[in-house]
file work06.cif (mmCIF, C-alpha atoms)
data_entry
loop_
_atom_site.label_atom_id
_atom_site.label_comp_id
_atom_site.auth_asym_id
_atom_site.auth_seq_id
_atom_site.Cartn_x
_atom_site.Cartn_y
_atom_site.Cartn_z
CA MET A 1 12.86 8.54 -2.72
CA SER A 2 10.73 7.47 0.21
CA ARG A 3 10.64 3.96 1.61
CA LEU A 4 8.16 1.42 0.32
CA PRO A 5 4.81 1.28 2.14
CA ARG A 6 3.88 -1.82 4.08
CA PHE A 7 1.91 -4.20 1.90
CA PRO A 8 -1.02 -6.35 3.12
CA LEU A 9 -0.30 -9.84 4.44
CA GLY A 10 0.69 -12.06 1.49
CA LEU A 11 -1.15 -15.10 0.17
CA GLN A 12 1.49 -17.51 1.41
CA GLN A 13 1.23 -16.29 5.01
CA LEU A 14 -2.57 -16.49 4.89
CA GLN A 15 -2.43 -20.08 3.60
CA ALA A 16 0.03 -21.09 6.30
CA LYS A 17 -2.11 -19.59 9.07
CA ALA A 18 -5.24 -21.30 7.75
CA ALA A 19 -3.41 -24.63 7.63
CA VAL A 20 -2.27 -24.30 11.24
CA ARG A 21 -5.84 -23.70 12.39
CA SER A 22 -7.26 -26.63 10.38
CA GLY A 23 -4.42 -29.09 10.87
CA ALA A 24 -4.06 -29.49 7.07
CA PRO A 25 -0.75 -29.03 5.26
CA ALA A 26 -0.31 -25.64 3.66
CA ILE A 27 0.00 -25.50 -0.12
CA VAL A 28 2.50 -22.78 -0.94
CA ARG A 29 3.11 -21.69 -4.50
CA PRO A 30 6.18 -19.47 -4.89
CA GLN A 31 5.72 -16.18 -6.71
CA ARG A 32 8.20 -13.91 -8.36
CA PRO A 33 8.88 -10.78 -6.22
CA MET A 34 7.55 -8.35 -8.84
CA GLN A 35 4.45 -10.48 -9.42
CA GLN A 36 3.76 -10.46 -5.67
CA ALA A 37 4.35 -6.71 -5.51
CA ALA A 38 1.93 -6.17 -8.40
CA GLN A 39 -0.77 -8.16 -6.61
CA ASP A 40 -0.16 -6.37 -3.32
CA LEU A 41 -0.32 -2.92 -4.87
CA ALA A 42 -3.36 -3.76 -6.97
CA ARG A 43 -5.24 -4.95 -3.87
CA GLN A 44 -4.88 -1.53 -2.28
CA GLY A 45 -8.17 0.14 -3.14
CA PRO A 46 -8.69 3.90 -3.06
CA PRO A 47 -8.95 5.32 0.47
CA SER A 48 -12.40 6.23 1.74
CA GLY A 49 -14.12 7.46 4.85
CA LEU A 50 -11.48 10.10 5.47
CA GLY A 51 -13.54 13.20 4.84
CA LEU A 52 -11.51 13.96 1.73
CA ASP A 53 -14.28 13.65 -0.84
CA SER A 54 -15.37 17.25 -0.42
CA ALA A 55 -14.79 19.47 -3.43
CA ALA A 56 -13.94 22.26 -1.00
CA VAL A 57 -10.70 20.49 -0.04
CA ARG A 58 -9.56 20.33 -3.65
CA LEU A 59 -10.70 23.89 -4.24
CA ARG A 60 -8.44 25.14 -1.45
CA MET A 61 -5.50 23.33 -3.06
CA VAL A 62 -6.32 24.86 -6.44
CA ASP A 63 -6.68 28.34 -4.93
CA LYS A 64 -3.19 28.02 -3.43
CA LEU A 65 -1.77 26.92 -6.77
CA ARG A 66 -3.45 29.85 -8.50
CA ALA A 67 -2.05 32.26 -5.91
CA ALA A 68 1.40 30.76 -6.52
CA GLY A 69 1.16 31.61 -10.23
CA LEU A 70 -0.57 28.71 -12.00
CA CYS A 71 -2.96 30.46 -14.37
CA CYS A 72 -3.93 27.87 -17.04
CA GLU A 73 -7.69 27.54 -16.54
CA PRO A 74 -8.14 24.09 -18.14
CA VAL A 75 -5.41 22.70 -15.88
CA LEU A 76 -6.89 24.35 -12.79
CA GLN A 77 -10.29 22.89 -13.67
CA ALA A 78 -8.79 19.41 -14.06
CA LEU A 79 -7.08 19.73 -10.67
CA ARG A 80 -10.43 20.70 -9.17
CA SER A 81 -12.14 17.69 -10.73
CA VAL A 82 -9.73 14.80 -10.05
CA GLU A 83 -9.66 13.41 -6.50
CA ARG A 84 -5.96 13.05 -5.71
CA HIS A 85 -6.56 11.17 -2.44
CA ARG A 86 -7.87 8.19 -4.44
CA PHE A 87 -4.44 7.69 -5.96
CA VAL A 88 -2.36 7.48 -2.76
CA ASP A 89 -2.09 5.00 0.08
CA SER A 90 -4.79 5.30 2.76
CA ALA A 91 -2.20 6.14 5.40
CA LEU A 92 -1.13 9.20 3.37
CA ALA A 93 -4.54 10.33 2.16
CA ASN A 94 -4.73 13.15 4.70
CA GLN A 95 -1.72 14.71 2.90
CA ALA A 96 -3.17 14.29 -0.58
CA TYR A 97 -4.09 17.96 -1.04
CA GLU A 98 -0.86 19.39 0.31
CA ASP A 99 1.72 20.53 -2.20
CA THR A 100 4.03 17.61 -1.58
CA SER A 101 5.18 14.46 -3.34
CA LEU A 102 4.11 11.19 -1.73
CA PRO A 103 5.46 7.61 -2.01
CA ILE A 104 3.41 5.18 -4.09
CA GLY A 105 5.63 2.12 -3.72
CA LEU A 106 8.69 0.66 -5.50
CA SER A 107 10.72 3.82 -4.71
CA GLN A 108 8.37 5.91 -6.89
CA THR A 109 6.35 8.98 -5.94
CA ILE A 110 3.31 10.94 -7.01
CA SER A 111 4.62 14.40 -7.92
CA LYS A 112 3.67 17.63 -6.19
CA PRO A 113 0.44 19.17 -7.52
CA SER A 114 2.37 22.35 -8.32
CA VAL A 115 4.88 20.42 -10.47
CA VAL A 116 2.14 18.45 -12.24
CA GLY A 117 0.15 21.63 -12.84
CA HIS A 118 3.17 23.49 -14.17
CA MET A 119 4.10 20.74 -16.63
CA LEU A 120 0.54 20.44 -17.92
CA ALA A 121 0.32 24.22 -18.29
CA LEU A 122 3.52 24.15 -20.35
CA LEU A 123 1.93 21.53 -22.61
CA PHE A 124 -1.08 23.82 -23.04
CA ASP A 125 1.19 26.58 -24.24
CA GLY A 126 2.24 24.54 -27.28
CA ALA A 127 1.11 25.55 -30.75
CA TYR A 128 -1.42 22.72 -31.23
CA ALA A 129 -3.03 23.18 -27.81
CA ARG A 130 -3.28 26.96 -28.19
CA GLU A 131 -5.04 26.53 -31.53
CA GLN A 132 -7.33 23.63 -30.59
CA GLY A 133 -7.99 24.37 -26.91
CA HIS A 134 -7.02 20.85 -25.83
CA LEU A 135 -3.96 18.58 -25.75
CA GLY A 136 -5.13 16.28 -28.54
CA ARG A 137 -3.54 12.83 -28.59
CA VAL A 138 -1.30 12.53 -25.52
CA LEU A 139 1.58 10.20 -24.65
CA GLU A 140 2.45 9.95 -20.95
CA VAL A 141 5.68 8.17 -20.00
CA GLY A 142 5.49 6.93 -16.41
CA THR A 143 1.90 6.15 -15.39
CA GLY A 144 2.79 5.70 -11.73
CA CYS A 145 -0.40 5.54 -9.68
CA GLY A 146 -2.47 7.03 -12.53
CA TYR A 147 -3.16 10.51 -11.13
CA GLN A 148 -1.65 12.49 -14.00
CA ALA A 149 -3.32 10.18 -16.53
CA ALA A 150 -6.66 11.07 -14.94
CA LEU A 151 -5.83 14.77 -15.33
CA LEU A 152 -4.75 14.26 -18.95
CA LEU A 153 -8.10 12.65 -19.71
CA GLN A 154 -9.70 15.96 -18.73
CA LEU A 155 -7.37 17.88 -21.03
CA GLY A 156 -6.83 15.73 -24.13
CA ARG A 157 -8.82 13.65 -26.58
CA GLN A 158 -6.86 10.38 -26.37
CA VAL A 159 -4.31 9.34 -23.75
CA VAL A 160 -1.70 6.58 -23.98
CA SER A 161 0.15 6.06 -20.69
CA ILE A 162 3.16 3.73 -20.38
CA GLU A 163 4.56 2.23 -17.16
CA ARG A 164 7.65 -0.02 -16.98
CA LEU A 165 6.98 -1.37 -13.46
CA GLN A 166 4.31 -4.04 -13.55
CA ALA A 167 3.20 -3.46 -9.96
CA LEU A 168 2.46 0.20 -10.64
CA HIS A 169 0.85 -0.59 -13.99
CA GLU A 170 -1.57 -2.94 -12.23
CA ARG A 171 -2.27 -0.44 -9.49
CA ALA A 172 -3.03 2.29 -12.03
CA ARG A 173 -5.47 -0.05 -13.79
CA VAL A 174 -7.35 -0.42 -10.50
CA ASN A 175 -7.24 3.32 -9.73
CA LEU A 176 -8.43 4.25 -13.23
CA ALA A 177 -10.95 1.45 -13.70
CA SER A 178 -13.98 3.71 -13.35
CA VAL A 179 -12.85 6.27 -15.92
CA ARG A 180 -11.63 3.59 -18.34
CA HIS A 181 -14.99 1.83 -18.41
CA ASP A 182 -17.44 4.72 -18.32
CA GLY A 183 -17.57 4.86 -22.12
CA SER A 184 -16.68 8.55 -22.35
CA SER A 185 -12.87 8.36 -22.26
CA ASP A 186 -10.15 7.09 -24.58
CA LEU A 187 -7.36 5.88 -22.29
CA ARG A 188 -4.89 3.12 -23.08
CA LEU A 189 -2.63 1.87 -20.27
CA VAL A 190 0.48 0.12 -21.58
CA PHE A 191 2.95 -2.03 -19.65
CA GLY A 192 6.20 -1.52 -21.50
CA ASP A 193 9.43 0.38 -21.98
CA GLY A 194 8.54 4.06 -21.99
CA MET A 195 11.78 5.00 -23.73
CA LEU A 196 10.32 3.43 -26.88
CA GLY A 197 7.16 5.52 -26.77
CA HIS A 198 4.10 3.87 -28.32
CA PRO A 199 4.31 3.84 -32.13
CA PRO A 200 0.82 2.35 -32.81
CA ARG A 201 -0.91 5.61 -31.88
CA ALA A 202 1.78 8.08 -32.96
CA PRO A 203 2.11 10.90 -33.75
CA TYR A 204 1.24 12.67 -30.49
CA HIS A 205 0.28 16.30 -30.07
CA SER A 206 1.46 16.28 -26.45
CA ILE A 207 4.14 14.16 -24.74
CA VAL A 208 4.94 14.36 -21.02
CA ALA A 209 7.41 12.27 -19.02
CA ALA A 210 7.75 11.64 -15.28
CA ALA A 211 11.38 10.47 -15.36
CA GLY A 212 14.55 12.09 -16.59
CA GLY A 213 17.69 10.84 -18.32
CA ASP A 214 20.83 12.28 -19.87
CA GLN A 215 19.09 12.64 -23.22
CA LEU A 216 15.58 12.63 -24.62
CA PRO A 217 14.90 9.28 -26.32
CA ALA A 218 14.85 9.56 -30.10
CA ALA A 219 11.56 7.63 -30.18
CA TRP A 220 9.80 10.45 -28.33
CA LEU A 221 11.03 13.05 -30.79
CA ASP A 222 10.10 10.85 -33.76
CA GLN A 223 6.57 10.41 -32.39
CA LEU A 224 5.93 14.13 -31.78
CA ALA A 225 3.46 15.60 -34.27
CA VAL A 226 3.96 18.87 -36.15
CA GLY A 227 2.63 21.59 -33.87
CA GLY A 228 3.08 19.27 -30.88
CA ARG A 229 5.01 19.84 -27.67
CA LEU A 230 7.06 17.57 -25.40
CA VAL A 231 7.73 18.39 -21.74
CA ALA A 232 10.16 16.21 -19.79
CA PRO A 233 12.90 16.40 -17.15
CA MET A 234 16.48 15.90 -18.33
CA GLN A 235 19.88 15.92 -16.70
CA ALA A 236 21.38 19.39 -16.91
CA GLY A 237 24.84 18.35 -18.06
CA HIS A 238 27.82 19.60 -16.06
CA ALA A 239 25.55 21.84 -13.96
CA GLY A 240 24.11 18.75 -12.28
CA GLY A 241 20.52 18.04 -11.33
CA GLN A 242 17.56 18.03 -13.69
CA ARG A 243 15.73 20.73 -15.58
CA LEU A 244 12.46 20.69 -17.47
CA VAL A 245 13.05 20.61 -21.21
CA ILE A 246 10.45 21.76 -23.75
CA VAL A 247 10.61 20.55 -27.34
CA ASP A 248 8.31 21.95 -30.02
CA ARG A 249 8.00 20.51 -33.51
CA GLY A 250 7.27 23.16 -36.11
CA PRO A 251 7.11 22.92 -39.89
CA ALA A 252 10.85 23.60 -40.04
CA GLY A 253 11.84 21.04 -37.40
CA LEU A 254 12.48 20.86 -33.65
CA SER A 255 13.21 23.69 -31.23
CA THR A 256 14.25 23.23 -27.60
CA GLN A 257 14.22 25.36 -24.47
CA GLN A 258 15.02 24.72 -20.83
CA GLN A 259 12.85 25.62 -17.85
CA ASP A 260 12.90 25.16 -14.08
CA ALA A 261 15.06 22.86 -11.99
CA VAL A 262 13.13 19.72 -10.98
CA HIS A 263 13.74 16.37 -9.32
CA PHE A 264 12.30 13.21 -10.88
CA VAL A 265 13.29 9.55 -10.73
CA PRO A 266 15.88 8.43 -13.31
CA LEU A 267 14.66 7.37 -16.73
CA LYS A 268 15.30 3.65 -17.26
CA SER A 269 14.80 1.21 -20.10
CA GLY A 270 13.21 -2.21 -19.98
CA THR A 271 10.44 -3.52 -17.74
CA GLU A 272 10.32 -5.05 -14.27
#

call {"tool": "encode", "arguments": {"input": "work06.cif", "output": "structure tokens"}}
result
Amino acid sequence: MSRLPRFPLGLQQLQAKAAVRSGAPAIVRPQRPMQQAAQDLARQGPPSGLGLDSAAVRLRMVDKLRAAGLCCEPVLQALRSVERHRFVDSALANQAYEDTSLPIGLSQTISKPSVVGHMLALLFDGAYAREQGHLGRVLEVGTGCGYQAALLLQLGRQVVSIERLQALHERARVNLASVRHDGSSDLRLVFGDGMLGHPPRAPYHSIVAAAGGDQLPAAWLDQLAVGGRLVAPMQAGHAGGQRLVIVDRGPAGLSTQQQDAVHFVPLKSGTE
């Protein structure tokens, strides 16, 4: 994982500097490290003024992904529509449309567009999505900066996205504020333990995870609807590394298959 980005000057330092200039004593209120990190990340607005708002830039990225074999048209259209540079730090925005993962803070990354596109295309190949032409009710585990949630809003009918790191949850709320309040989307951002899924809106027609463990949590399988599909990384046993695992729930039960080797952050329980 990449190193954490530099955060803006904290509130305590600003208060101390102001006090020195005015001659007044500084009032310093201690904050928990994760609370401070959440505020720092949330204050980072989407980058602008970098010449990256042109649809032509995204179109070139999509053309490269198509040439590399991504052929799911709804996914390609979503990748054309969502501005990836608005979900990364300003200092990295000029790399937003390259096929590379980028750090988003707290040792987390935004995945490569090719990996995101491939996983979403696999979801679209599930029985429910093939029949309905959309992903239906979606559960995303690992909101991160919110980029994939924005793509899922283009592809599904309802999206529930869970993040266990409060700082990233708050940042995603800022990044997704415009789409959450435009009245045309159904997106719920949840701060919680993703290994538990989100029972209030289960079952889900599509489940996708951005972290991998030794096993798939039982809660995810329990919350997968008949006809639904789950796509997630998982440790590949004695072979080492991670592989994408696809789980389909049919009328007779669950079926599983393995796909490509991938590299995601470890799946963890609890919140921070």

call {"tool": "closest_residue", "arguments": {"input": "work06.cif", "among": "A:Leu155, A:Ala150, A:Leu120, A:Met61", "to": "Leu135 of chain A", "atoms": "only C-alpha atoms"}}
result
A:Leu155

call {"tool": "atom_distance", "arguments": {"input": "work06.cif", "atom1": "atom CA of Glu131 of chain A", "atom2": "atom CA of Gly227 of chain A"}}
result
9.4 Å

call {"tool": "closest_residue", "arguments": {"input": "work06.cif", "among": "A:Gly228, A:Gly146, A:Gly253, A:Gly133", "to": "Tyr204 of chain A", "atoms": "all atoms listed in the file"}}
result
A:Gly228

call {"tool": "resolve_selection", "arguments": {"input": "work06.cif", "expression": "the PyMOL selection byres ((chain A and resi 198) around 12)", "output": "count of residues only"}}
result
33

call {"tool": "closest_residue", "arguments": {"input": "work06.cif", "among": "A:Thr143, A:Gln132, A:Thr109, A:Gln242", "to": "Gln166 of chain A", "atoms": "all atoms listed in the file"}}
result
A:Thr143
